[in-house]
Amino acid sequence: MTTPDIHPQQQRENPEPLEGANPMPWFVILLTALLFAFGVVYIVRTTLGTPAEWGDGRSVAELQGPVAAAPGAVVDGAAVYAARCAACHQATGAGLPGVFPPLAGSDWVAGKEATLAAIVLHGINGPLTVNGNPFNGAMPAFAAQLQDAEVAAVLSHVRSQWGNTGAPVTAEAVAAVRKDSAARSEPFKGDAELAPLK
């Protein structure tokens with residue numbers, strides 16, 4: 001049997017590494033064992049009869065949003081605004097440039113209450129000009145989520161805040177807009193459909 005020739009390139013190579021008897025560091029093995037033990041103890045101590053806790057501490061009622069107002073009840077427009085509108089239009093009514101238009105000093109808020117009610121009931125999808133500035137966001141429809149009294153309360157709130165001086169909106173006015181636009185099944189297409197109603 002002949003000895004194979006060893007080339008210079010092979011002589012430069014290091015030998016293959018060996019794992020030996022302990023392929024993982026001891027602290028990794030210990031950490032894995034501790035995590036496994038914690039998981040077992042956690043599962044054993046948890047019972048299916050215990051109500052689940054929400055990660056951020058909110059109750060189911062808080063996650064479902066405000067309870068619909070009873071017919072004829074006085075509705076807090078500020079509370080409805082905080083729950084439904086402030087995330088986009090901000091607590092200050094300033095909106096977000098280019099996306100969510102401001103309600104403070106808005107020509108739409110100061111305009112016809114019927115148009116404003118129709119916007120809240122059916123939403124907007126498409127470019128909209130507010131106070132001469134373009135916005136291209138999407139506003140959801142609240143017709144299925146808010147009763148007439150709630151829409152009236154939030155519109156009255158918006159029309160009386162942040163320097164706005166519009167008259168209050170009544171639930172009857174919202175009900176009339178809801179009835180007149182009952183056939184509508186999609187949001188308004190921005191300026192294209194709303195400009196004639198302004």
# chains A, B, ... in the order shown; residues from 1 in each chain; ligands from 1

call {"tool": "closest_atom_pairs", "arguments": {"of": "region 145-184 of chain A", "to": "region 93-106 of chain A", "cutoff": "12 Å", "atoms": "only C-alpha atoms", "output": "JSON lines"}}
result
{"residue": "A:Val154", "atom": "CA", "partner": "A:Leu103", "partner_atom": "CA", "distance": 11.9}
{"residue": "A:Leu155", "atom": "CA", "partner": "A:Leu103", "partner_atom": "CA", "distance": 10.4}
{"residue": "A:His157", "atom": "CA", "partner": "A:Leu103", "partner_atom": "CA", "distance": 10.8}
{"residue": "A:Val158", "atom": "CA", "partner": "A:Leu103", "partner_atom": "CA", "distance": 7.1}
{"residue": "A:Arg159", "atom": "CA", "partner": "A:Leu103", "partner_atom": "CA", "distance": 8.5}
{"residue": "A:Ser160", "atom": "CA", "partner": "A:Ala104", "partner_atom": "CA", "distance": 9.5}
{"residue": "A:Gln161", "atom": "CA", "partner": "A:Ala104", "partner_atom": "CA", "distance": 7.2}
{"residue": "A:Trp162", "atom": "CA", "partner": "A:Ala104", "partner_atom": "CA", "distance": 5.0}
{"residue": "A:Gly163", "atom": "CA", "partner": "A:Gly105", "partner_atom": "CA", "distance": 6.3}
{"residue": "A:Asn164", "atom": "CA", "partner": "A:Gly105", "partner_atom": "CA", "distance": 5.7}
{"residue": "A:Thr165", "atom": "CA", "partner": "A:Gly105", "partner_atom": "CA", "distance": 9.0}
{"residue": "A:Gly166", "atom": "CA", "partner": "A:Gly105", "partner_atom": "CA", "distance": 10.3}

call {"tool": "select_by_dssp", "arguments": {"residues": "chain A", "states": "strand (DSSP E)", "output": "short mmCIF file (atom, residue, chain, number, x, y, z; two decimals) with C-alpha atoms, in the first residue's frame"}}
result
data_model
loop_
_atom_site.label_atom_id
_atom_site.label_comp_id
_atom_site.auth_asym_id
_atom_site.auth_seq_id
_atom_site.Cartn_x
_atom_site.Cartn_y
_atom_site.Cartn_z
CA ILE A 124 -64.80 58.49 3.10
CA ASN A 125 -62.35 56.72 0.84
CA LEU A 128 -60.39 65.06 0.22
CA THR A 129 -59.51 68.76 0.43
CA VAL A 130 -59.86 70.38 3.86
CA ASN A 133 -54.98 71.12 1.96
CA PRO A 134 -55.14 67.67 0.33
CA PHE A 135 -55.67 64.53 2.41
CA ALA A 138 -59.75 56.47 4.71
CA MET A 139 -62.50 57.09 7.24
#

call {"tool": "residues_around", "arguments": {"residues": "region 177-189 of chain A", "least_positions_apart": "4", "cutoff": "12 Å", "atoms": "only C-alpha atoms", "output": "mmCIF file with N, CA and C atoms, in the first residue's frame"}}
result
data_model
loop_
_atom_site.group_PDB
_atom_site.id
_atom_site.type_symbol
_atom_site.label_atom_id
_atom_site.label_comp_id
_atom_site.auth_asym_id
_atom_site.auth_seq_id
_atom_site.Cartn_x
_atom_site.Cartn_y
_atom_site.Cartn_z
ATOM 1 N N LYS A 112 -72.465 72.257 6.303
ATOM 2 C CA LYS A 112 -73.798 71.703 6.511
ATOM 3 C C LYS A 112 -73.748 70.514 7.468
ATOM 4 N N GLU A 113 -74.656 70.523 8.429
ATOM 5 C CA GLU A 113 -74.687 69.415 9.391
ATOM 6 C C GLU A 113 -75.107 68.108 8.724
ATOM 7 N N ALA A 114 -75.940 68.177 7.697
ATOM 8 C CA ALA A 114 -76.374 66.964 7.006
ATOM 9 C C ALA A 114 -75.200 66.295 6.300
ATOM 10 N N THR A 115 -74.327 67.089 5.699
ATOM 11 C CA THR A 115 -73.146 66.532 5.026
ATOM 12 C C THR A 115 -72.209 65.914 6.044
ATOM 13 N N LEU A 116 -72.026 66.604 7.146
ATOM 14 C CA LEU A 116 -71.151 66.085 8.206
ATOM 15 C C LEU A 116 -71.703 64.781 8.766
ATOM 16 N N ALA A 117 -73.004 64.707 8.974
ATOM 17 C CA ALA A 117 -73.626 63.474 9.475
ATOM 18 C C ALA A 117 -73.474 62.349 8.455
ATOM 19 N N ALA A 118 -73.639 62.659 7.170
ATOM 20 C CA ALA A 118 -73.481 61.634 6.128
ATOM 21 C C ALA A 118 -72.061 61.105 6.093
ATOM 22 N N ILE A 119 -71.075 61.968 6.309
ATOM 23 C CA ILE A 119 -69.673 61.538 6.330
ATOM 24 C C ILE A 119 -69.436 60.562 7.473
ATOM 25 N N VAL A 120 -69.952 60.883 8.658
ATOM 26 C CA VAL A 120 -69.758 59.999 9.812
ATOM 27 C C VAL A 120 -70.488 58.672 9.601
ATOM 28 N N LEU A 121 -71.679 58.725 9.033
ATOM 29 C CA LEU A 121 -72.459 57.501 8.842
ATOM 30 C C LEU A 121 -71.846 56.578 7.786
ATOM 31 N N HIS A 122 -71.331 57.151 6.692
ATOM 32 C CA HIS A 122 -70.894 56.322 5.564
ATOM 33 C C HIS A 122 -69.393 56.305 5.324
ATOM 34 N N GLY A 123 -68.639 57.222 5.915
ATOM 35 C CA GLY A 123 -67.191 57.228 5.764
ATOM 36 C C GLY A 123 -66.733 57.836 4.447
ATOM 37 N N ILE A 124 -65.411 57.912 4.297
ATOM 38 C CA ILE A 124 -64.799 58.494 3.102
ATOM 39 C C ILE A 124 -63.643 57.598 2.683
ATOM 40 N N ASN A 125 -63.483 57.448 1.382
ATOM 41 C CA ASN A 125 -62.346 56.720 0.844
ATOM 42 C C ASN A 125 -61.885 57.434 -0.411
ATOM 43 N N GLY A 126 -60.784 58.151 -0.317
ATOM 44 C CA GLY A 126 -60.281 58.879 -1.472
ATOM 45 C C GLY A 126 -59.801 60.260 -1.088
ATOM 46 N N PRO A 127 -59.240 60.983 -2.042
ATOM 47 C CA PRO A 127 -58.682 62.311 -1.752
ATOM 48 C C PRO A 127 -59.760 63.313 -1.343
ATOM 49 N N LEU A 128 -59.456 64.061 -0.299
ATOM 50 C CA LEU A 128 -60.385 65.064 0.222
ATOM 51 C C LEU A 128 -59.598 66.331 0.525
ATOM 52 N N THR A 129 -60.159 67.477 0.166
ATOM 53 C CA THR A 129 -59.512 68.757 0.429
ATOM 54 C C THR A 129 -60.177 69.400 1.640
ATOM 55 N N ASN A 136 -55.432 62.182 1.911
ATOM 56 C CA ASN A 136 -55.779 60.962 1.189
ATOM 57 C C ASN A 136 -55.753 59.782 2.158
ATOM 58 N N GLY A 137 -56.660 59.804 3.096
ATOM 59 C CA GLY A 137 -56.792 58.707 4.044
ATOM 60 C C GLY A 137 -58.122 58.006 3.841
ATOM 61 N N ALA A 138 -58.464 57.168 4.762
ATOM 62 C CA ALA A 138 -59.746 56.470 4.711
ATOM 63 C C ALA A 138 -60.435 56.630 6.053
ATOM 64 N N MET A 139 -61.712 56.972 6.017
ATOM 65 C CA MET A 139 -62.504 57.094 7.239
ATOM 66 C C MET A 139 -63.544 55.989 7.231
ATOM 67 N N PRO A 140 -63.630 55.213 8.303
ATOM 68 C CA PRO A 140 -64.618 54.129 8.329
ATOM 69 C C PRO A 140 -66.036 54.662 8.488
ATOM 70 N N ALA A 141 -66.986 53.846 8.103
ATOM 71 C CA ALA A 141 -68.400 54.179 8.279
ATOM 72 C C ALA A 141 -68.827 53.782 9.688
ATOM 73 N N PHE A 142 -69.607 54.640 10.333
ATOM 74 C CA PHE A 142 -70.059 54.363 11.696
ATOM 75 C C PHE A 142 -71.567 54.123 11.763
ATOM 76 N N ALA A 143 -72.230 53.977 10.624
ATOM 77 C CA ALA A 143 -73.681 53.807 10.623
ATOM 78 C C ALA A 143 -74.106 52.584 11.419
ATOM 79 N N ALA A 144 -73.359 51.512 11.329
ATOM 80 C CA ALA A 144 -73.722 50.280 12.032
ATOM 81 C C ALA A 144 -73.230 50.264 13.473
ATOM 82 N N LEU A 146 -72.823 53.283 15.582
ATOM 83 C CA LEU A 146 -73.329 54.364 16.433
ATOM 84 C C LEU A 146 -74.802 54.628 16.148
ATOM 85 N N GLN A 147 -75.538 54.893 17.212
ATOM 86 C CA GLN A 147 -76.940 55.271 17.076
ATOM 87 C C GLN A 147 -77.029 56.754 16.723
ATOM 88 N N ASP A 148 -78.215 57.176 16.330
ATOM 89 C CA ASP A 148 -78.407 58.567 15.924
ATOM 90 C C ASP A 148 -78.012 59.538 17.029
ATOM 91 N N ALA A 149 -78.366 59.223 18.262
ATOM 92 C CA ALA A 149 -78.040 60.112 19.388
ATOM 93 C C ALA A 149 -76.536 60.205 19.588
ATOM 94 N N VAL A 151 -74.176 59.771 17.194
ATOM 95 C CA VAL A 151 -73.634 60.558 16.081
ATOM 96 C C VAL A 151 -73.903 62.042 16.331
ATOM 97 N N ALA A 152 -75.117 62.364 16.757
ATOM 98 C CA ALA A 152 -75.460 63.763 17.033
ATOM 99 C C ALA A 152 -74.589 64.329 18.145
ATOM 100 N N VAL A 169 -76.001 69.462 16.740
ATOM 101 C CA VAL A 169 -76.706 68.588 15.802
ATOM 102 C C VAL A 169 -77.682 67.735 16.605
ATOM 103 N N THR A 170 -78.891 67.586 16.122
ATOM 104 C CA THR A 170 -79.898 66.792 16.832
ATOM 105 C C THR A 170 -79.936 65.367 16.305
ATOM 106 N N ALA A 171 -80.419 64.473 17.149
ATOM 107 C CA ALA A 171 -80.574 63.074 16.745
ATOM 108 C C ALA A 171 -81.581 62.952 15.613
ATOM 109 N N GLU A 172 -82.583 63.829 15.596
ATOM 110 C CA GLU A 172 -83.581 63.800 14.527
ATOM 111 C C GLU A 172 -82.953 64.139 13.171
ATOM 112 N N ALA A 173 -82.025 65.098 13.182
ATOM 113 C CA ALA A 173 -81.339 65.472 11.938
ATOM 114 C C ALA A 173 -80.500 64.306 11.423
ATOM 115 N N GLU A 193 -67.401 63.091 -4.705
ATOM 116 C CA GLU A 193 -68.824 62.973 -4.321
ATOM 117 C C GLU A 193 -69.237 63.987 -3.274
ATOM 118 N N LEU A 194 -68.287 64.434 -2.455
ATOM 119 C CA LEU A 194 -68.668 65.309 -1.341
ATOM 120 C C LEU A 194 -68.674 66.788 -1.700
ATOM 121 N N ALA A 195 -67.875 67.199 -2.679
ATOM 122 C CA ALA A 195 -67.818 68.620 -3.026
ATOM 123 C C ALA A 195 -69.192 69.183 -3.371
ATOM 124 N N PRO A 196 -70.045 68.471 -4.134
ATOM 125 C CA PRO A 196 -71.382 69.020 -4.413
ATOM 126 C C PRO A 196 -72.256 69.135 -3.164
ATOM 127 N N LEU A 197 -71.967 68.354 -2.122
ATOM 128 C CA LEU A 197 -72.775 68.385 -0.906
ATOM 129 C C LEU A 197 -72.312 69.447 0.085
#

call {"tool": "select_by_dssp", "arguments": {"residues": "region 15-198 of chain A", "states": "helix (DSSP H, G or I)", "output": "VMD selection string"}}
result
chain A and resid 26 to 45 60 to 64 77 to 84 86 to 89 113 to 122 148 to 158 171 to 180 191 to 197
